[in-house]
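For reference, the structure is listed below as structure tokens.
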Amino acid sequence: MKKLPVLNNTIEELTFKSIKDIRKTIYFDNNATTKTDEDAINAMFRVLELDYSNPSGIHKEAYKARDLIEASRKDVADFIGCQSNEVIFSSGGTESINSAINAAIKLNKSKNIITCETEHSATKNKLEELKKEGYHIYYLPIDQDGHFNVDDFNYFFFNVFKKSVSLFTIMGANNETGTIHNVENLKYIFKVIKEYGGYNHLDAIQLAGKSDIKNYITIPELDFLSISGHKFHAPKGIGALFVRSGIDFAPLLFGGKQEDGRRAGTENVAGIIGLGEVCRKNTPFVPMTNDNRELFIKLLTAAIPDAIINGGGMVNTINVGFPYINREAMVVLMGEAGLMAGIGSACSTGIEPSFVLKAMGVDKKYIHGSVRFSFGKYNTKEEIEQSIEIIKSVYDKLKGITI
Ligand code: PLP
């Protein structure tokens, strides 16, 4: 394997700031994952090289590792807007979501769960598993913009499930389209669920770093909230679950007493430090403001007037429908030309159209040709301008030959 040149330096000299991205690519796939923040890499590198003791130990160095974790926990708590003891570190979004669902159904014995049809597979597939154990899952349908209707919730909650629901779980923002659910509607549902003894979980994995999640934490009826580091410039394999203080949390993993007995297993200290650093810095995820979003849409629709925008809400996410185009071919060829984009959820690769766009009723003409462009903090206005040329040339190449 090729050795990173910086590893030849002494510890004191080490800084990943010196490494420049030699691959000249435009990376517009930030909802899939992001490039790790340089300060986070530096902080993690120190931990891997120096502070590698097991935090459960009783010697001096072990205490140091434990102190580092607790300092990071405080940074993550401040970022989320909660107390340190309300943060449990996990291996990422999928584990946080699974843990929240598991805890809720242990705490409330109702076999009825309400969610939304456009949830990430981390939620959907866990709930589908629960169906095999006799759970009833109601998936709120969505409209063409990706929003659910509170009337559908009311009908199912009061008339079908007769107020007996163990869990309401929903994503704050959709990873494929960027649609953000209406906070007032969420507040209403959280309140109703809580009033009848159920639990509420918010998948804030696409919101974190892009929008202020404190707006959700301040809703007193919200019990659990999941975040994942790699979606906002922290490393992969680290996430956190907010558990409202006072909840008698039931762990998903059993073993050692780490995380106050709420998540067993030796801590990913470097990952925790990386996540803490990104939360502490809390730099804007998208220096590309609405102006740049508008610029991308303006240039794109001028270059390809037949293209449409599917959904929308998060400033960093633009899902574009290209008529009669095969999205896989489009993404692969753009990649060859130096522009990285996505087809939606990493778990929905294949020839099946996106279930999110299907649920939104996107026209057949566009559904197979819908591509997601998602920006991160390292993207620039120049990249937006350059990307349009690539998109246009690939589109022209594929026009008329696919689908
Ligand atoms: N939820 C949403 C909305 C996501 O976008 C993702 C990742 O794509 C996940 C959950 C799963 O997170 P992770 O990849 O950290 O397991």
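Every chain in the structure tokens has a letter given in the order shown (A, B, ...), and although residue numbers restart at 1 in each chain, ligands are simply numbered from 1 in the order shown.
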
When DSSP is applied to the backbone of this structure, which of stretch 279-399 of chain A are assigned strand (DSSP E or B)? Write them out as a CSV table (one decimal) with N, CA, C and O atoms, in the first residue's frame.
```
chain,number,residue,atom,x,y,z
A,308,ILE,N,-35.6,18.9,-14.4
A,308,ILE,CA,-36.4,19.4,-13.3
A,308,ILE,C,-35.8,19.2,-11.9
A,308,ILE,O,-34.8,18.4,-11.8
A,309,ILE,N,-36.2,19.9,-10.9
A,309,ILE,CA,-35.7,19.8,-9.6
A,309,ILE,C,-36.7,19.0,-8.7
A,309,ILE,O,-37.9,19.4,-8.7
A,310,ASN,N,-36.3,17.9,-8.1
A,310,ASN,CA,-37.2,17.1,-7.3
A,310,ASN,C,-37.0,17.5,-5.8
A,310,ASN,O,-36.0,17.4,-5.3
A,317,THR,N,-28.5,20.4,-0.9
A,317,THR,CA,-29.0,19.2,-1.7
A,317,THR,C,-29.9,19.6,-2.9
A,317,THR,O,-30.9,20.3,-2.7
A,318,ILE,N,-29.4,19.2,-4.1
A,318,ILE,CA,-30.3,19.4,-5.3
A,318,ILE,C,-30.4,18.1,-6.0
A,318,ILE,O,-29.5,17.5,-6.5
A,319,ASN,N,-31.7,17.6,-6.1
A,319,ASN,CA,-31.9,16.4,-6.8
A,319,ASN,C,-32.5,16.8,-8.2
A,319,ASN,O,-33.6,17.4,-8.3
A,320,VAL,N,-31.8,16.4,-9.2
A,320,VAL,CA,-32.2,16.8,-10.6
A,320,VAL,C,-32.7,15.6,-11.4
A,320,VAL,O,-32.1,14.6,-11.4
A,321,GLY,N,-33.8,15.8,-12.0
A,321,GLY,CA,-34.4,14.8,-12.9
A,321,GLY,C,-34.1,15.1,-14.3
A,321,GLY,O,-34.5,16.2,-14.8
A,339,LEU,N,-16.6,14.6,-12.0
A,339,LEU,CA,-17.6,15.2,-11.1
A,339,LEU,C,-18.3,14.0,-10.4
A,339,LEU,O,-18.9,13.2,-11.0
A,340,MET,N,-18.2,14.0,-9.1
A,340,MET,CA,-18.8,13.0,-8.3
A,340,MET,C,-20.2,13.4,-7.8
A,340,MET,O,-20.3,14.4,-7.1
A,342,GLY,N,-24.4,11.6,-6.8
A,342,GLY,CA,-25.0,10.4,-6.2
A,342,GLY,C,-26.3,10.1,-6.8
A,342,GLY,O,-26.9,10.9,-7.5
A,370,SER,N,-32.8,10.5,-12.2
A,370,SER,CA,-32.7,11.5,-11.2
A,370,SER,C,-31.4,11.4,-10.4
A,370,SER,O,-31.1,10.3,-9.9
A,371,VAL,N,-30.6,12.4,-10.4
A,371,VAL,CA,-29.3,12.4,-9.8
A,371,VAL,C,-29.2,13.5,-8.7
A,371,VAL,O,-29.8,14.5,-8.8
A,372,ARG,N,-28.5,13.1,-7.6
A,372,ARG,CA,-28.4,14.0,-6.4
A,372,ARG,C,-27.0,14.7,-6.4
A,372,ARG,O,-26.0,14.0,-6.5
A,373,PHE,N,-27.1,16.0,-6.4
A,373,PHE,CA,-25.9,16.8,-6.2
A,373,PHE,C,-25.9,17.3,-4.8
A,373,PHE,O,-26.9,18.0,-4.4
A,374,SER,N,-24.9,17.0,-4.0
A,374,SER,CA,-25.0,17.5,-2.6
A,374,SER,C,-23.6,18.1,-2.2
A,374,SER,O,-22.6,17.5,-2.4
```

key: DSSP alpha helix (DSSP H) residues within stretch 109-310 of chain A, listed as a ChimeraX atom specification   = /A:121-131,150-154,183-195,214-217,258-261,269-281,290-303

Shell of 10 Å around stretch 53-59 of chain A, only C-alpha atoms, local chain residues under 3 positions omitted, as a list in words = Val47, Leu48, Leu50, Ala62, Tyr63, Lys64, Ala65, Arg66, Asp67, Leu68, Ile69, Gly256, Lys257, Gln258, Thr266, Glu267, Asn268 and Val269 of chain A

Write the selection just made, keeping N, CA and C atoms, as a short mmCIF file (atom, residue, chain, number, x, y, z; two decimals), in the first residue's frame?
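Here's the written file selection-v1.cif:
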```
data_model
loop_
_atom_site.label_atom_id
_atom_site.label_comp_id
_atom_site.auth_asym_id
_atom_site.auth_seq_id
_atom_site.Cartn_x
_atom_site.Cartn_y
_atom_site.Cartn_z
N VAL A 47 -4.29 11.11 18.82
CA VAL A 47 -4.86 10.06 19.68
C VAL A 47 -4.34 8.69 19.25
N LEU A 48 -4.33 8.46 17.96
CA LEU A 48 -3.89 7.14 17.47
C LEU A 48 -2.41 6.92 17.79
N LEU A 50 -0.50 8.75 20.16
CA LEU A 50 -0.06 8.99 21.55
C LEU A 50 -1.05 8.53 22.63
N ALA A 62 -4.65 5.85 30.67
CA ALA A 62 -6.05 5.47 30.45
C ALA A 62 -6.97 6.62 30.89
N TYR A 63 -6.59 7.26 32.00
CA TYR A 63 -7.38 8.40 32.48
C TYR A 63 -7.36 9.54 31.47
N LYS A 64 -6.21 9.68 30.82
CA LYS A 64 -6.09 10.75 29.83
C LYS A 64 -7.06 10.49 28.67
N ALA A 65 -7.07 9.21 28.20
CA ALA A 65 -7.97 8.85 27.10
C ALA A 65 -9.42 9.11 27.52
N ARG A 66 -9.72 8.76 28.78
CA ARG A 66 -11.09 8.98 29.26
C ARG A 66 -11.43 10.46 29.32
N ASP A 67 -10.45 11.27 29.75
CA ASP A 67 -10.69 12.72 29.80
C ASP A 67 -10.95 13.29 28.41
N LEU A 68 -10.21 12.75 27.43
CA LEU A 68 -10.40 13.23 26.05
C LEU A 68 -11.82 12.92 25.59
N ILE A 69 -12.27 11.71 25.92
CA ILE A 69 -13.64 11.33 25.53
C ILE A 69 -14.65 12.29 26.17
N GLY A 256 -19.20 -4.71 28.20
CA GLY A 256 -18.58 -3.89 29.25
C GLY A 256 -19.49 -2.74 29.67
N LYS A 257 -18.98 -1.96 30.61
CA LYS A 257 -19.80 -0.89 31.21
C LYS A 257 -19.56 0.47 30.56
N GLN A 258 -18.99 0.45 29.36
CA GLN A 258 -18.69 1.73 28.71
C GLN A 258 -19.97 2.56 28.51
N THR A 266 -15.25 -1.31 23.66
CA THR A 266 -14.19 -0.30 23.81
C THR A 266 -14.47 0.88 22.88
N GLU A 267 -14.34 2.05 23.41
CA GLU A 267 -14.68 3.25 22.66
C GLU A 267 -13.75 3.48 21.47
N ASN A 268 -14.33 4.03 20.40
CA ASN A 268 -13.55 4.47 19.24
C ASN A 268 -13.02 5.86 19.59
N VAL A 269 -11.93 5.87 20.37
CA VAL A 269 -11.47 7.15 20.94
C VAL A 269 -11.12 8.15 19.83
#
```

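Take the candidates A:Gly311, A:Gly146, A:Pro220, A:Gly239 and check each one against ligand 1 using only C-alpha atoms and all ligand atoms; the shortest distance goes to A:Gly239.
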
List as a tab-separated table every residue of chain A that is in contact with ligand 1, defined as an atom at most 8 Å from one of its atoms (using only C-alpha atoms and all ligand atoms), together with the nearest atom pair and the distance in Å rounded to one decimal, sorted by chain and then rising number.
```
residue	atom	partner	partner_atom_place_in_ligand_line	distance
A:Asn31	CA	ligand 1	5 (O)	6.5
A:Ala32	CA	ligand 1	8 (O)	5.5
A:Thr33	CA	ligand 1	8 (O)	7.5
A:Ser91	CA	ligand 1	15 (O)	7.4
A:Gly92	CA	ligand 1	15 (O)	4.0
A:Gly93	CA	ligand 1	12 (O)	3.5
A:Thr94	CA	ligand 1	16 (O)	3.7
A:Glu95	CA	ligand 1	16 (O)	6.5
A:Ile97	CA	ligand 1	10 (C)	7.3
A:Glu119	CA	ligand 1	3 (C)	7.0
A:His120	CA	ligand 1	1 (N)	5.0
A:Ser121	CA	ligand 1	10 (C)	7.3
A:Ala122	CA	ligand 1	10 (C)	5.6
A:Thr123	CA	ligand 1	10 (C)	7.4
A:Met171	CA	ligand 1	3 (C)	6.0
A:Gly172	CA	ligand 1	3 (C)	7.9
A:Ala173	CA	ligand 1	3 (C)	6.8
A:Asn174	CA	ligand 1	3 (C)	5.8
A:Asn175	CA	ligand 1	5 (O)	4.7
A:Glu176	CA	ligand 1	5 (O)	7.9
A:Asp203	CA	ligand 1	1 (N)	6.0
A:Ala204	CA	ligand 1	3 (C)	6.9
A:Ile205	CA	ligand 1	3 (C)	5.1
A:Gln206	CA	ligand 1	3 (C)	5.2
A:Ile227	CA	ligand 1	15 (O)	7.6
A:Ser228	CA	ligand 1	15 (O)	4.7
A:Gly229	CA	ligand 1	15 (O)	6.9
A:His230	CA	ligand 1	15 (O)	6.6
A:Lys231	CA	ligand 1	15 (O)	7.3
A:Lys236	CA	ligand 1	15 (O)	7.0
A:Gly237	CA	ligand 1	15 (O)	6.8
A:Ile238	CA	ligand 1	15 (O)	7.3
A:Gly239	CA	ligand 1	15 (O)	6.6
A:Ser345	CA	ligand 1	8 (O)	6.0
A:Ala346	CA	ligand 1	8 (O)	6.5
A:Cys347	CA	ligand 1	8 (O)	8.0
```

ask   = In Å, with one decimal, what is the gap from atom CA of A:Asp396 to atom CA of A:Phe375?
value = 23.7 Å

remark   = Nearest to A:Ile137, restricted to only C-alpha atoms and choosing among A:Ala303, A:Val160, A:Val192, A:Ala250, comes out as A:Val160

inquiry  = I want to know what sits within 9 Å of A:Thr283, based on only C-alpha atoms, with residues of the same chain fewer than 4 positions away left out; could you give that as a ChimeraX atom specification?
reply    = /A:209,278-279,287,377

inquiry  = I'd like the interatomic distance between atom CA of A:Ile80 and atom CA of A:Ile272, to a tenth of an Å.
reply    = 14.7 Å

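Residues surrounding A:Asn215 within 10 Å are Ile80, Gly81, Val183, Ser211, Asp212, Thr218 and Ile219 of chain A [only C-alpha atoms; sequence separation below 3 positions excluded].
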
Restricting the output to N, CA and C atoms, write the selected residues as a PDB file, in the first residue's frame.
```
ATOM      1  N   ILE A  80     -25.247  19.704  19.943  1.00  0.00           N
ATOM      2  CA  ILE A  80     -26.642  19.226  19.853  1.00  0.00           C
ATOM      3  C   ILE A  80     -27.569  20.148  20.651  1.00  0.00           C
ATOM      4  N   GLY A  81     -27.023  20.718  21.738  1.00  0.00           N
ATOM      5  CA  GLY A  81     -27.851  21.572  22.591  1.00  0.00           C
ATOM      6  C   GLY A  81     -28.408  20.807  23.778  1.00  0.00           C
ATOM      7  N   VAL A 183     -41.438  21.616  11.027  1.00  0.00           N
ATOM      8  CA  VAL A 183     -41.150  21.460  12.462  1.00  0.00           C
ATOM      9  C   VAL A 183     -42.439  21.568  13.304  1.00  0.00           C
ATOM     10  N   SER A 211     -28.169  22.431   9.504  1.00  0.00           N
ATOM     11  CA  SER A 211     -29.252  23.243  10.056  1.00  0.00           C
ATOM     12  C   SER A 211     -29.151  23.088  11.577  1.00  0.00           C
ATOM     13  N   ASP A 212     -29.683  24.035  12.323  1.00  0.00           N
ATOM     14  CA  ASP A 212     -29.457  24.029  13.771  1.00  0.00           C
ATOM     15  C   ASP A 212     -30.338  22.983  14.455  1.00  0.00           C
ATOM     16  N   THR A 218     -34.999  21.375  21.615  1.00  0.00           N
ATOM     17  CA  THR A 218     -35.808  22.166  22.550  1.00  0.00           C
ATOM     18  C   THR A 218     -37.275  21.719  22.569  1.00  0.00           C
ATOM     19  N   ILE A 219     -37.636  20.803  21.701  1.00  0.00           N
ATOM     20  CA  ILE A 219     -39.015  20.263  21.765  1.00  0.00           C
ATOM     21  C   ILE A 219     -39.007  19.230  22.902  1.00  0.00           C
TER      22      ILE A 219
END
```

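Look at A:Leu333: the protein and nucleic acid residues within 12 Å of it, using only C-alpha atoms and passing over chain neighbours fewer than 3 places away, are A:Asn326, A:Arg327, A:Glu328, A:Ala329, A:Met330, A:Glu336, A:Ala337, A:Gly338, A:Leu339, A:Met340, A:Ala341, A:Gly342, A:Ile390, A:Ile391, A:Lys392, A:Ser393, A:Val394, A:Tyr395, A:Asp396, A:Lys397, A:Leu398.
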
Any chance you could export the current selection's N, CA and C atoms as a compact mmCIF listing (two decimals), in the first residue's frame?
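Generated file (part.txt):
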```
# COMPACT_ATOMS: atom_id res chain seq x y z
N ASN A 326 -30.59 7.33 -18.01
CA ASN A 326 -30.28 6.31 -17.01
C ASN A 326 -29.34 6.94 -15.98
N ARG A 327 -29.81 7.03 -14.73
CA ARG A 327 -29.05 7.78 -13.72
C ARG A 327 -27.69 7.14 -13.42
N GLU A 328 -27.64 5.79 -13.46
CA GLU A 328 -26.35 5.13 -13.18
C GLU A 328 -25.33 5.54 -14.25
N ALA A 329 -25.77 5.50 -15.52
CA ALA A 329 -24.86 5.87 -16.62
C ALA A 329 -24.41 7.32 -16.44
N MET A 330 -25.35 8.15 -16.06
CA MET A 330 -25.05 9.58 -15.88
C MET A 330 -24.00 9.78 -14.79
N GLU A 336 -16.27 9.80 -14.43
CA GLU A 336 -15.11 9.68 -15.33
C GLU A 336 -14.61 11.06 -15.73
N ALA A 337 -15.55 11.98 -15.86
CA ALA A 337 -15.17 13.34 -16.28
C ALA A 337 -14.74 14.21 -15.10
N GLY A 338 -14.77 13.65 -13.87
CA GLY A 338 -14.25 14.40 -12.71
C GLY A 338 -15.29 15.00 -11.80
N LEU A 339 -16.56 14.65 -12.00
CA LEU A 339 -17.61 15.19 -11.13
C LEU A 339 -18.30 14.03 -10.40
N MET A 340 -18.19 14.04 -9.06
CA MET A 340 -18.79 12.95 -8.27
C MET A 340 -20.16 13.40 -7.76
N ALA A 341 -21.18 12.62 -8.13
CA ALA A 341 -22.54 12.90 -7.63
C ALA A 341 -23.12 11.59 -7.14
N GLY A 342 -24.38 11.59 -6.76
CA GLY A 342 -24.97 10.37 -6.21
C GLY A 342 -26.31 10.07 -6.84
N ILE A 390 -19.62 19.76 -17.33
CA ILE A 390 -19.53 18.29 -17.29
C ILE A 390 -20.93 17.68 -17.39
N ILE A 391 -21.84 18.23 -16.60
CA ILE A 391 -23.20 17.69 -16.60
C ILE A 391 -23.80 17.77 -18.00
N LYS A 392 -23.61 18.92 -18.61
CA LYS A 392 -24.19 19.14 -19.95
C LYS A 392 -23.58 18.18 -20.97
N SER A 393 -22.28 18.02 -20.93
CA SER A 393 -21.66 17.16 -21.95
C SER A 393 -22.05 15.70 -21.76
N VAL A 394 -22.17 15.24 -20.51
CA VAL A 394 -22.59 13.85 -20.27
C VAL A 394 -24.05 13.68 -20.67
N TYR A 395 -24.85 14.67 -20.33
CA TYR A 395 -26.28 14.59 -20.69
C TYR A 395 -26.44 14.50 -22.21
N ASP A 396 -25.70 15.34 -22.93
CA ASP A 396 -25.80 15.33 -24.39
C ASP A 396 -25.38 13.98 -24.97
N LYS A 397 -24.37 13.38 -24.32
CA LYS A 397 -23.88 12.08 -24.78
C LYS A 397 -24.94 11.00 -24.59
N LEU A 398 -25.65 11.08 -23.48
CA LEU A 398 -26.61 10.01 -23.14
C LEU A 398 -27.99 10.23 -23.73
```

task = Would you kindly return, as a PyMOL selection string, each protein, DNA or RNA residue with an atom no farther than 8 Å from any atom of A:Pro235, considering only C-alpha atoms and excluding same-chain residues fewer than 5 positions away?
result = chain A and resi 35-36+229-230+271+274-275

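The shortest atom-to-atom distance to A:Lys399, with only C-alpha atoms taken into account, belongs to A:Ala307 out of A:Val87, A:Ala40, A:Ala307, A:Leu207.
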
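Taking atom CA of A:Leu253 and atom CA of A:Met44 as the two end points, the separation is 25.0 Å.
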